[in-house]
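For reference, input_35.pdb is printed below; it contains PDB, C-alpha atoms, pLDDT in the B column.
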ATOM      1  CA  VAL A 150      -5.415 -10.996   2.200  1.00 98.00           C
ATOM      2  CA  PHE A 151      -2.557 -11.211  -0.298  1.00 98.00           C
ATOM      3  CA  ILE A 152      -1.249  -8.218  -2.259  1.00 98.00           C
ATOM      4  CA  GLY A 153       1.498  -8.517  -4.831  1.00 98.00           C
ATOM      5  CA  ASP A 154       2.865  -8.365  -8.344  1.00 97.00           C
ATOM      6  CA  SER A 155       3.462 -11.077 -10.959  1.00 95.00           C
ATOM      7  CA  PHE A 156       5.120 -13.382  -8.398  1.00 96.00           C
ATOM      8  CA  THR A 157       1.723 -13.551  -6.678  1.00 97.00           C
ATOM      9  CA  SER A 158      -0.679 -13.229  -9.602  1.00 96.00           C
ATOM     10  CA  ALA A 159      -1.811 -16.217 -11.638  1.00 94.00           C
ATOM     11  CA  TYR A 160      -0.790 -14.689 -14.970  1.00 93.00           C
ATOM     12  CA  TYR A 161       2.382 -16.641 -15.766  1.00 93.00           C
ATOM     13  CA  LEU A 162       1.120 -19.846 -14.211  1.00 93.00           C
ATOM     14  CA  THR A 163      -2.074 -19.867 -16.269  1.00 93.00           C
ATOM     15  CA  GLN A 164      -0.163 -18.805 -19.386  1.00 91.00           C
ATOM     16  CA  ALA A 165       1.893 -21.969 -18.930  1.00 91.00           C
ATOM     17  CA  GLY A 166      -1.200 -24.107 -18.435  1.00 91.00           C
ATOM     18  CA  ALA A 167      -0.945 -24.515 -14.657  1.00 93.00           C
ATOM     19  CA  SER A 168      -3.813 -23.927 -12.258  1.00 92.00           C
ATOM     20  CA  GLU A 169      -4.007 -20.598 -10.466  1.00 92.00           C
ATOM     21  CA  THR A 170      -4.423 -22.467  -7.189  1.00 94.00           C
ATOM     22  CA  THR A 171      -0.800 -23.604  -7.439  1.00 95.00           C
ATOM     23  CA  ARG A 172       0.199 -20.098  -6.365  1.00 97.00           C
ATOM     24  CA  TRP A 173       2.244 -19.869  -3.157  1.00 97.00           C
ATOM     25  CA  CYS A 174      -0.667 -18.075  -1.463  1.00 98.00           C
ATOM     26  CA  TYR A 175      -2.781 -21.206  -1.187  1.00 98.00           C
ATOM     27  CA  PRO A 176      -0.476 -23.393   0.954  1.00 97.00           C
ATOM     28  CA  VAL A 177       0.325 -20.345   3.114  1.00 98.00           C
ATOM     29  CA  ALA A 178      -3.385 -19.676   3.650  1.00 98.00           C
ATOM     30  CA  SER A 179      -3.912 -23.355   4.424  1.00 97.00           C
ATOM     31  CA  PHE A 180      -1.086 -23.245   6.959  1.00 96.00           C
ATOM     32  CA  VAL A 181      -2.767 -20.444   8.928  1.00 96.00           C
ATOM     33  CA  GLY A 182      -6.256 -21.886   8.422  1.00 97.00           C
ATOM     34  CA  ALA A 183      -7.567 -18.935   6.435  1.00 96.00           C
ATOM     35  CA  THR A 184      -9.459 -18.315   3.205  1.00 97.00           C
ATOM     36  CA  PRO A 185      -7.215 -16.517   0.679  1.00 98.00           C
ATOM     37  CA  HIS A 186      -8.325 -13.266  -0.930  1.00 98.00           C
ATOM     38  CA  ILE A 187      -5.720 -12.366  -3.541  1.00 98.00           C
ATOM     39  CA  TYR A 188      -5.170  -8.975  -5.176  1.00 98.00           C
ATOM     40  CA  ALA A 189      -2.136  -9.163  -7.436  1.00 98.00           C
ATOM     41  CA  GLU A 190      -1.178  -7.711 -10.803  1.00 98.00           C
ATOM     42  CA  ARG A 191       1.948  -8.170 -12.872  1.00 96.00           C
ATOM     43  CA  GLY A 192       4.032  -5.023 -13.180  1.00 95.00           C
ATOM     44  CA  ALA A 193       2.694  -3.468  -9.968  1.00 97.00           C
ATOM     45  CA  GLY A 194       4.636  -2.154  -7.001  1.00 97.00           C
ATOM     46  CA  PHE A 195       4.365   0.271  -4.116  1.00 98.00           C
ATOM     47  CA  ARG A 196       4.469   3.058  -6.713  1.00 96.00           C
ATOM     48  CA  ARG A 197       4.606   1.233 -10.014  1.00 95.00           C
ATOM     49  CA  VAL A 198       1.202   0.792 -11.662  1.00 97.00           C
ATOM     50  CA  SER A 199       0.437  -2.432 -13.489  1.00 97.00           C
ATOM     51  CA  PRO A 200      -0.574  -2.374 -17.174  1.00 96.00           C
ATOM     52  CA  SER A 201      -4.209  -1.472 -17.805  1.00 97.00           C
ATOM     53  CA  SER A 202      -4.732  -4.998 -19.115  1.00 95.00           C
ATOM     54  CA  GLU A 203      -3.928  -6.246 -15.612  1.00 95.00           C
ATOM     55  CA  GLY A 204      -6.044  -3.668 -13.804  1.00 97.00           C
ATOM     56  CA  GLY A 205      -3.767  -0.634 -13.744  1.00 98.00           C
ATOM     57  CA  HIS A 206      -3.196  -0.586  -9.985  1.00 98.00           C
ATOM     58  CA  ASN A 207      -0.352  -0.292  -7.521  1.00 98.00           C
ATOM     59  CA  PHE A 208      -0.249  -1.866  -4.064  1.00 98.00           C
ATOM     60  CA  ALA A 209      -2.032   1.084  -2.417  1.00 98.00           C
ATOM     61  CA  ASP A 210      -4.850   0.734  -4.946  1.00 98.00           C
ATOM     62  CA  MET A 211      -5.093  -2.991  -4.248  1.00 98.00           C
ATOM     63  CA  LEU A 212      -5.279  -2.302  -0.523  1.00 98.00           C
ATOM     64  CA  THR A 213      -8.245  -0.026  -1.203  1.00 98.00           C
ATOM     65  CA  ILE A 214      -9.878  -2.687  -3.396  1.00 98.00           C
ATOM     66  CA  ALA A 215      -9.386  -5.303  -0.682  1.00 98.00           C
ATOM     67  CA  ALA A 216     -10.876  -2.947   1.909  1.00 98.00           C
ATOM     68  CA  SER A 217     -13.951  -2.531  -0.301  1.00 98.00           C
ATOM     69  CA  ASP A 218     -14.459  -6.271  -0.799  1.00 98.00           C
ATOM     70  CA  THR A 219     -17.830  -7.064   0.748  1.00 97.00           C
ATOM     71  CA  SER A 220     -17.181 -10.819   0.924  1.00 97.00           C
ATOM     72  CA  PHE A 221     -15.463 -10.350   4.288  1.00 98.00           C
ATOM     73  CA  ASN A 222     -15.231  -7.864   7.149  1.00 98.00           C
ATOM     74  CA  ASN A 223     -11.999  -5.905   7.424  1.00 98.00           C
ATOM     75  CA  SER A 224     -11.928  -6.487  11.167  1.00 98.00           C
ATOM     76  CA  ASP A 225     -11.976 -10.246  10.551  1.00 98.00           C
ATOM     77  CA  VAL A 226      -8.817 -10.270   8.427  1.00 98.00           C
ATOM     78  CA  ALA A 227      -6.267 -12.220  10.455  1.00 98.00           C
ATOM     79  CA  TYR A 228      -3.312 -11.982   8.073  1.00 98.00           C
ATOM     80  CA  LEU A 229      -2.099  -9.579   5.405  1.00 98.00           C
ATOM     81  CA  PHE A 230       0.769 -10.665   3.158  1.00 98.00           C
ATOM     82  CA  VAL A 231       2.426  -8.162   0.844  1.00 98.00           C
ATOM     83  CA  TYR A 232       5.059  -9.450  -1.565  1.00 98.00           C
ATOM     84  CA  GLY A 233       6.851  -7.264  -4.082  1.00 95.00           C
ATOM     85  CA  GLY A 234       8.955  -4.206  -4.765  1.00 93.00           C
ATOM     86  CA  LEU A 235      11.004  -5.512  -7.676  1.00 89.00           C
ATOM     87  CA  ASN A 236       9.081  -3.419 -10.181  1.00 90.00           C
ATOM     88  CA  ASP A 237       9.834  -0.287  -8.177  1.00 90.00           C
ATOM     89  CA  LEU A 238      13.545  -1.080  -8.390  1.00 82.00           C
ATOM     90  CA  ASP A 239      13.468  -1.667 -12.114  1.00 70.00           C
ATOM     91  CA  HIS A 240      11.312   1.242 -13.183  1.00 69.00           C
ATOM     92  CA  GLU A 241      11.265   4.004 -10.577  1.00 68.00           C
ATOM     93  CA  SER A 242      13.509   5.830  -8.147  1.00 79.00           C
ATOM     94  CA  ALA A 243      13.632   3.320  -5.311  1.00 83.00           C
ATOM     95  CA  ASN A 244      15.011   5.817  -2.811  1.00 86.00           C
ATOM     96  CA  SER A 245      11.871   7.906  -3.260  1.00 91.00           C
ATOM     97  CA  VAL A 246       9.493   4.931  -3.287  1.00 94.00           C
ATOM     98  CA  PHE A 247      10.778   3.429  -0.062  1.00 94.00           C
ATOM     99  CA  ASN A 248      10.694   6.799   1.693  1.00 93.00           C
ATOM    100  CA  THR A 249       7.199   7.839   0.543  1.00 96.00           C
ATOM    101  CA  GLU A 250       4.805   5.225  -0.864  1.00 98.00           C
ATOM    102  CA  TYR A 251       6.134   2.313   1.174  1.00 98.00           C
ATOM    103  CA  PRO A 252       5.779   3.979   4.614  1.00 98.00           C
ATOM    104  CA  ALA A 253       2.330   5.265   3.644  1.00 98.00           C
ATOM    105  CA  PHE A 254       1.321   1.756   2.620  1.00 98.00           C
ATOM    106  CA  CYS A 255       2.411   0.285   5.961  1.00 98.00           C
ATOM    107  CA  SER A 256       0.440   2.889   7.891  1.00 98.00           C
ATOM    108  CA  ASN A 257      -2.668   2.464   5.740  1.00 98.00           C
ATOM    109  CA  ALA A 258      -2.455  -1.322   5.954  1.00 98.00           C
ATOM    110  CA  ARG A 259      -2.615  -1.170   9.739  1.00 98.00           C
ATOM    111  CA  LEU A 260      -5.587   1.210   9.657  1.00 98.00           C
ATOM    112  CA  THR A 261      -7.376  -0.883   7.027  1.00 98.00           C
ATOM    113  CA  PHE A 262      -6.951  -4.244   8.737  1.00 98.00           C
ATOM    114  CA  PRO A 263      -6.572  -3.376  12.423  1.00 98.00           C
ATOM    115  CA  ASN A 264      -6.540  -6.954  13.695  1.00 98.00           C
ATOM    116  CA  ALA A 265      -4.310  -8.489  11.043  1.00 98.00           C
ATOM    117  CA  LYS A 266      -0.841  -9.874  11.468  1.00 98.00           C
ATOM    118  CA  ILE A 267       0.964  -8.032   8.675  1.00 98.00           C
ATOM    119  CA  TYR A 268       3.795  -9.767   6.854  1.00 98.00           C
ATOM    120  CA  ILE A 269       5.858  -7.707   4.453  1.00 98.00           C
ATOM    121  CA  CYS A 270       7.678 -10.170   2.224  1.00 97.00           C
ATOM    122  CA  GLY A 271      10.755  -8.587   0.691  1.00 94.00           C
ATOM    123  CA  ILE A 272      11.722  -7.923  -2.879  1.00 91.00           C
ATOM    124  CA  ASN A 273      11.365 -10.798  -5.323  1.00 87.00           C
ATOM    125  CA  ALA A 274      14.618 -11.893  -6.932  1.00 73.00           C
ATOM    126  CA  TRP A 275      15.203 -12.543 -10.611  1.00 73.00           C
ATOM    127  CA  PRO A 276      16.684 -16.004 -11.243  1.00 68.00           C
ATOM    128  CA  GLU A 277      20.096 -14.832 -12.424  1.00 62.00           C
ATOM    129  CA  SER A 278      20.936 -12.166  -9.859  1.00 57.00           C
ATOM    130  CA  LEU A 279      19.734  -9.995  -7.038  1.00 54.00           C
ATOM    131  CA  SER A 280      17.310  -7.275  -8.053  1.00 50.00           C
ATOM    132  CA  VAL A 281      19.095  -3.979  -8.545  1.00 50.00           C
ATOM    133  CA  ASN A 282      18.334  -0.288  -8.752  1.00 48.00           C
ATOM    134  CA  GLU A 283      19.628   3.149  -9.764  1.00 49.00           C
ATOM    135  CA  TYR A 284      20.622   2.881 -13.400  1.00 51.00           C
ATOM    136  CA  VAL A 285      24.137   4.108 -14.141  1.00 49.00           C
ATOM    137  CA  SER A 286      24.132   6.206 -17.298  1.00 52.00           C
ATOM    138  CA  GLY A 287      26.000   4.652 -20.203  1.00 53.00           C
ATOM    139  CA  THR A 288      25.996   1.172 -18.702  1.00 48.00           C
ATOM    140  CA  ASN A 289      23.644  -1.737 -18.361  1.00 49.00           C
ATOM    141  CA  HIS A 290      24.030  -1.850 -14.590  1.00 46.00           C
ATOM    142  CA  TYR A 291      22.364  -0.483 -11.483  1.00 48.00           C
ATOM    143  CA  SER A 292      24.114   0.470  -8.281  1.00 50.00           C
ATOM    144  CA  ARG A 293      22.035  -0.796  -5.369  1.00 62.00           C
ATOM    145  CA  THR A 294      20.794  -4.264  -4.617  1.00 74.00           C
ATOM    146  CA  GLN A 295      17.742  -6.028  -3.313  1.00 81.00           C
ATOM    147  CA  ILE A 296      19.602  -6.558  -0.038  1.00 81.00           C
ATOM    148  CA  PHE A 297      20.041  -2.807   0.459  1.00 82.00           C
ATOM    149  CA  TYR A 298      16.365  -1.983   0.018  1.00 88.00           C
ATOM    150  CA  GLU A 299      15.181  -4.886   2.145  1.00 91.00           C
ATOM    151  CA  GLN A 300      17.186  -3.339   4.989  1.00 91.00           C
ATOM    152  CA  VAL A 301      15.482   0.007   4.327  1.00 93.00           C
ATOM    153  CA  MET A 302      12.037  -1.651   4.328  1.00 96.00           C
ATOM    154  CA  LYS A 303      12.334  -3.397   7.676  1.00 96.00           C
ATOM    155  CA  ALA A 304      13.934  -0.401   9.404  1.00 97.00           C
ATOM    156  CA  ASP A 305      11.259   2.064   8.301  1.00 97.00           C
ATOM    157  CA  ASP A 306       9.509   3.907  11.152  1.00 98.00           C
ATOM    158  CA  SER A 307       6.027   3.356   9.703  1.00 98.00           C
ATOM    159  CA  PHE A 308       6.726  -0.357   9.272  1.00 98.00           C
ATOM    160  CA  VAL A 309       7.728  -0.562  12.931  1.00 98.00           C
ATOM    161  CA  ALA A 310       4.809   1.565  14.143  1.00 98.00           C
ATOM    162  CA  ALA A 311       2.359  -0.642  12.238  1.00 98.00           C
ATOM    163  CA  ASN A 312       3.774  -3.670  14.074  1.00 98.00           C
ATOM    164  CA  CYS A 313       4.575  -5.473  10.827  1.00 98.00           C
ATOM    165  CA  SER A 314       6.798  -8.524  10.447  1.00 97.00           C
ATOM    166  CA  PHE A 315       9.377  -8.757   7.679  1.00 97.00           C
ATOM    167  CA  ILE A 316      10.303 -11.854   5.685  1.00 96.00           C
ATOM    168  CA  SER A 317      13.414 -11.414   3.565  1.00 93.00           C
ATOM    169  CA  MET A 318      13.085 -13.007   0.151  1.00 91.00           C
ATOM    170  CA  CYS A 319      16.790 -12.752  -0.660  1.00 83.00           C
ATOM    171  CA  GLY A 320      17.793 -16.153  -1.973  1.00 80.00           C
ATOM    172  CA  ALA A 321      14.308 -17.621  -1.506  1.00 88.00           C
ATOM    173  CA  LEU A 322      14.621 -19.638  -4.702  1.00 86.00           C
ATOM    174  CA  GLY A 323      18.391 -19.909  -4.650  1.00 78.00           C
ATOM    175  CA  PHE A 324      18.485 -18.560  -8.216  1.00 76.00           C
ATOM    176  CA  ALA A 325      17.960 -22.174  -9.299  1.00 83.00           C
ATOM    177  CA  SER A 326      16.647 -22.559 -12.843  1.00 85.00           C
ATOM    178  CA  LYS A 327      14.375 -25.437 -11.832  1.00 90.00           C
ATOM    179  CA  TYR A 328      12.128 -22.989  -9.978  1.00 91.00           C
ATOM    180  CA  TYR A 329      11.478 -20.685 -12.951  1.00 92.00           C
ATOM    181  CA  TYR A 330       9.748 -20.833 -16.288  1.00 91.00           C
ATOM    182  CA  SER A 331      12.707 -20.420 -18.621  1.00 81.00           C
ATOM    183  CA  ALA A 332      10.705 -18.272 -21.020  1.00 79.00           C
ATOM    184  CA  ASN A 333       9.818 -15.493 -18.581  1.00 79.00           C
ATOM    185  CA  ARG A 334      11.903 -15.777 -15.397  1.00 85.00           C
ATOM    186  CA  HIS A 335       8.897 -16.177 -13.111  1.00 92.00           C
ATOM    187  CA  PRO A 336       8.356 -18.989 -10.600  1.00 94.00           C
ATOM    188  CA  ASN A 337       6.822 -22.151 -11.990  1.00 95.00           C
ATOM    189  CA  VAL A 338       4.701 -24.618  -9.994  1.00 96.00           C
ATOM    190  CA  LEU A 339       7.750 -25.942  -8.144  1.00 95.00           C
ATOM    191  CA  GLY A 340       8.957 -22.389  -7.551  1.00 94.00           C
ATOM    192  CA  ASN A 341       5.637 -21.393  -6.026  1.00 96.00           C
ATOM    193  CA  ALA A 342       5.815 -24.401  -3.699  1.00 95.00           C
ATOM    194  CA  ALA A 343       9.324 -23.340  -2.704  1.00 94.00           C
ATOM    195  CA  LEU A 344       8.161 -19.779  -1.996  1.00 96.00           C
ATOM    196  CA  ALA A 345       5.385 -21.141   0.217  1.00 96.00           C
ATOM    197  CA  THR A 346       7.857 -23.322   2.108  1.00 94.00           C
ATOM    198  CA  TRP A 347      10.206 -20.366   2.587  1.00 94.00           C
ATOM    199  CA  ILE A 348       7.468 -18.110   3.943  1.00 96.00           C
ATOM    200  CA  ILE A 349       5.891 -20.758   6.174  1.00 96.00           C
ATOM    201  CA  CYS A 350       9.265 -21.616   7.696  1.00 94.00           C
ATOM    202  CA  ALA A 351       9.946 -17.930   8.353  1.00 94.00           C
ATOM    203  CA  MET A 352       6.533 -17.560  10.023  1.00 94.00           C
ATOM    204  CA  SER A 353       7.226 -20.653  12.119  1.00 92.00           C
ATOM    205  CA  GLY A 354      10.551 -19.331  13.384  1.00 88.00           C
ATOM    206  CA  THR A 355      12.492 -22.001  11.517  1.00 81.00           C
ATOM    207  CA  PRO A 356      14.477 -20.042   8.931  1.00 71.00           C
ATOM    208  CA  ILE A 357      15.946 -21.864   5.990  1.00 73.00           C
ATOM    209  CA  CYS A 358      18.290 -20.988   3.197  1.00 70.00           C
ATOM    210  CA  GLN A 359      18.851 -22.339  -0.253  1.00 69.00           C
ATOM    211  CA  SER A 360      22.023 -23.068  -2.133  1.00 63.00           C
ATOM    212  CA  LYS A 361      22.411 -21.619  -5.607  1.00 62.00           C
ATOM    213  CA  GLY A 362      21.268 -24.970  -6.917  1.00 62.00           C
ATOM    214  CA  GLY A 363      18.001 -24.647  -4.997  1.00 66.00           C
ATOM    215  CA  THR A 364      18.711 -27.088  -2.191  1.00 69.00           C
ATOM    216  CA  PHE A 365      17.004 -26.339   1.128  1.00 62.00           C
ATOM    217  CA  THR A 366      19.212 -26.280   4.234  1.00 59.00           C
ATOM    218  CA  THR A 367      18.474 -25.355   7.835  1.00 49.00           C
TER     219      THR A 367
END
Let me see whether you can do it: turn the structure in this file into structure tokens.
Amino acid sequence: VFIGDSFTSAYYLTQAGASETTRWCYPVASFVGATPHIYAERGAGFRRVSPSSEGGHNFADMLTIAASDTSFNNSDVAYLFVYGGLNDLDHESANSVFNTEYPAFCSNARLTFPNAKIYICGINAWPESLSVNEYVSGTNHYSRTQIFYEQVMKADDSFVAANCSFISMCGALGFASKYYYSANRHPNVLGNAALATWIICAMSGTPICQSKGGTFTT
């Protein structure tokens, strides 16, 4: 099961004429030998609700939808991947989100899919900078970074109690323009392949990093 925002949904890929199966979820599912069930909407987050045109759900809603999917048994779900949080930084009070909705999500995820290995993938990064939060009045800047909230996410008591694993997404695409559609700052086909490689390597215990130009290094 995959839950996420626009970095996981097919919206920008299909808008650009690419197939939805080029999403990063598919090679990750293939790697673990599983059938992907994807619940993702652009604009969504742990608190943030996606536009009604995309379903109007947040991650907790999508978890409920996944739990109600009769095409599989919840007890048979071997993996749950959750990727997102950027929309909560941009549009809500992140301090509140990551101390209320996020812990509740982790706890509910464990109850919903009791046998799943749960991977919380960190906050997706915009191509030009780290995601930021807490708007400073009178400026065009925010005061806390993606790195800060990723530390909060993986140290959360509910995350630990649910026996989740955390995959940091800081620098996953190296802020390299070749991985993004220039018109909308979302990962293109190559970017989705790079995200899959990043996540698979993290799952395999072989972490990688990328230079700002998008070059993989061990």
Spatial neighbours of range 203-216 of chain A, max dist 7 Å, all atoms listed in the file, sep filter under 2 positions, as a ChimeraX atom specification: /A:152-153,188,190-191,193-201,218,223,254,261
Mind giving me the axis-aligned box for range 339-350 of chain A with 6 Å on every side, centre plus edges in Å to one decimal, as lines of an AutoDock Vina configuration file?
center_x = 7.8
center_y = -22.0
center_z = -0.2
size_x = 16.8
size_y = 19.8
size_z = 27.8
Among listed residues A:Phe156, A:Phe308, A:Trp347, A:Tyr268, nearest Val231 in chain A (using only C-alpha atoms):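 Checking each candidate against Val231 in chain A, we get A:Tyr268 as the closest.
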Gap from CA of Thr346 in chain A to CA of Thr170 in chain A - Å, one decimal: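 Spanning CA of Thr346 in chain A to CA of Thr170 in chain A is a straight-line distance of 15.4 Å.
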A:Tyr298, A:Tyr330, A:Phe262, A:Trp275 ranked by distance to Ala311 in chain A, top pick (using all atoms listed in the file):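 Ranking A:Tyr298, A:Tyr330, A:Phe262, A:Trp275 by distance to Ala311 in chain A, first place goes to A:Phe262.
Nearest residue to Ile272 in chain A among A:Met318, A:Val301, A:Ala332, A:Ala258 is A:Met318, counting all atoms listed in the file.
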Selection near Gly182 in chain A, 12 Å with all atoms listed in the file, sequence-local residues under 4 positions removed, as a list in words: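 Result of the neighbour search: Cys174, Tyr175, Pro176, Val177, Ala178, Val226, Ala227 and Tyr228 of chain A.
The residue set within 9 Å of Ala321 in chain A, counting only C-alpha atoms and dropping same-chain residues fewer than 4 places from it, reads Asn273, Ala274, Ser317, Ala343, Leu344, Trp347, Ile348, Ile357, Cys358, Gln359 and Gly363 of chain A.
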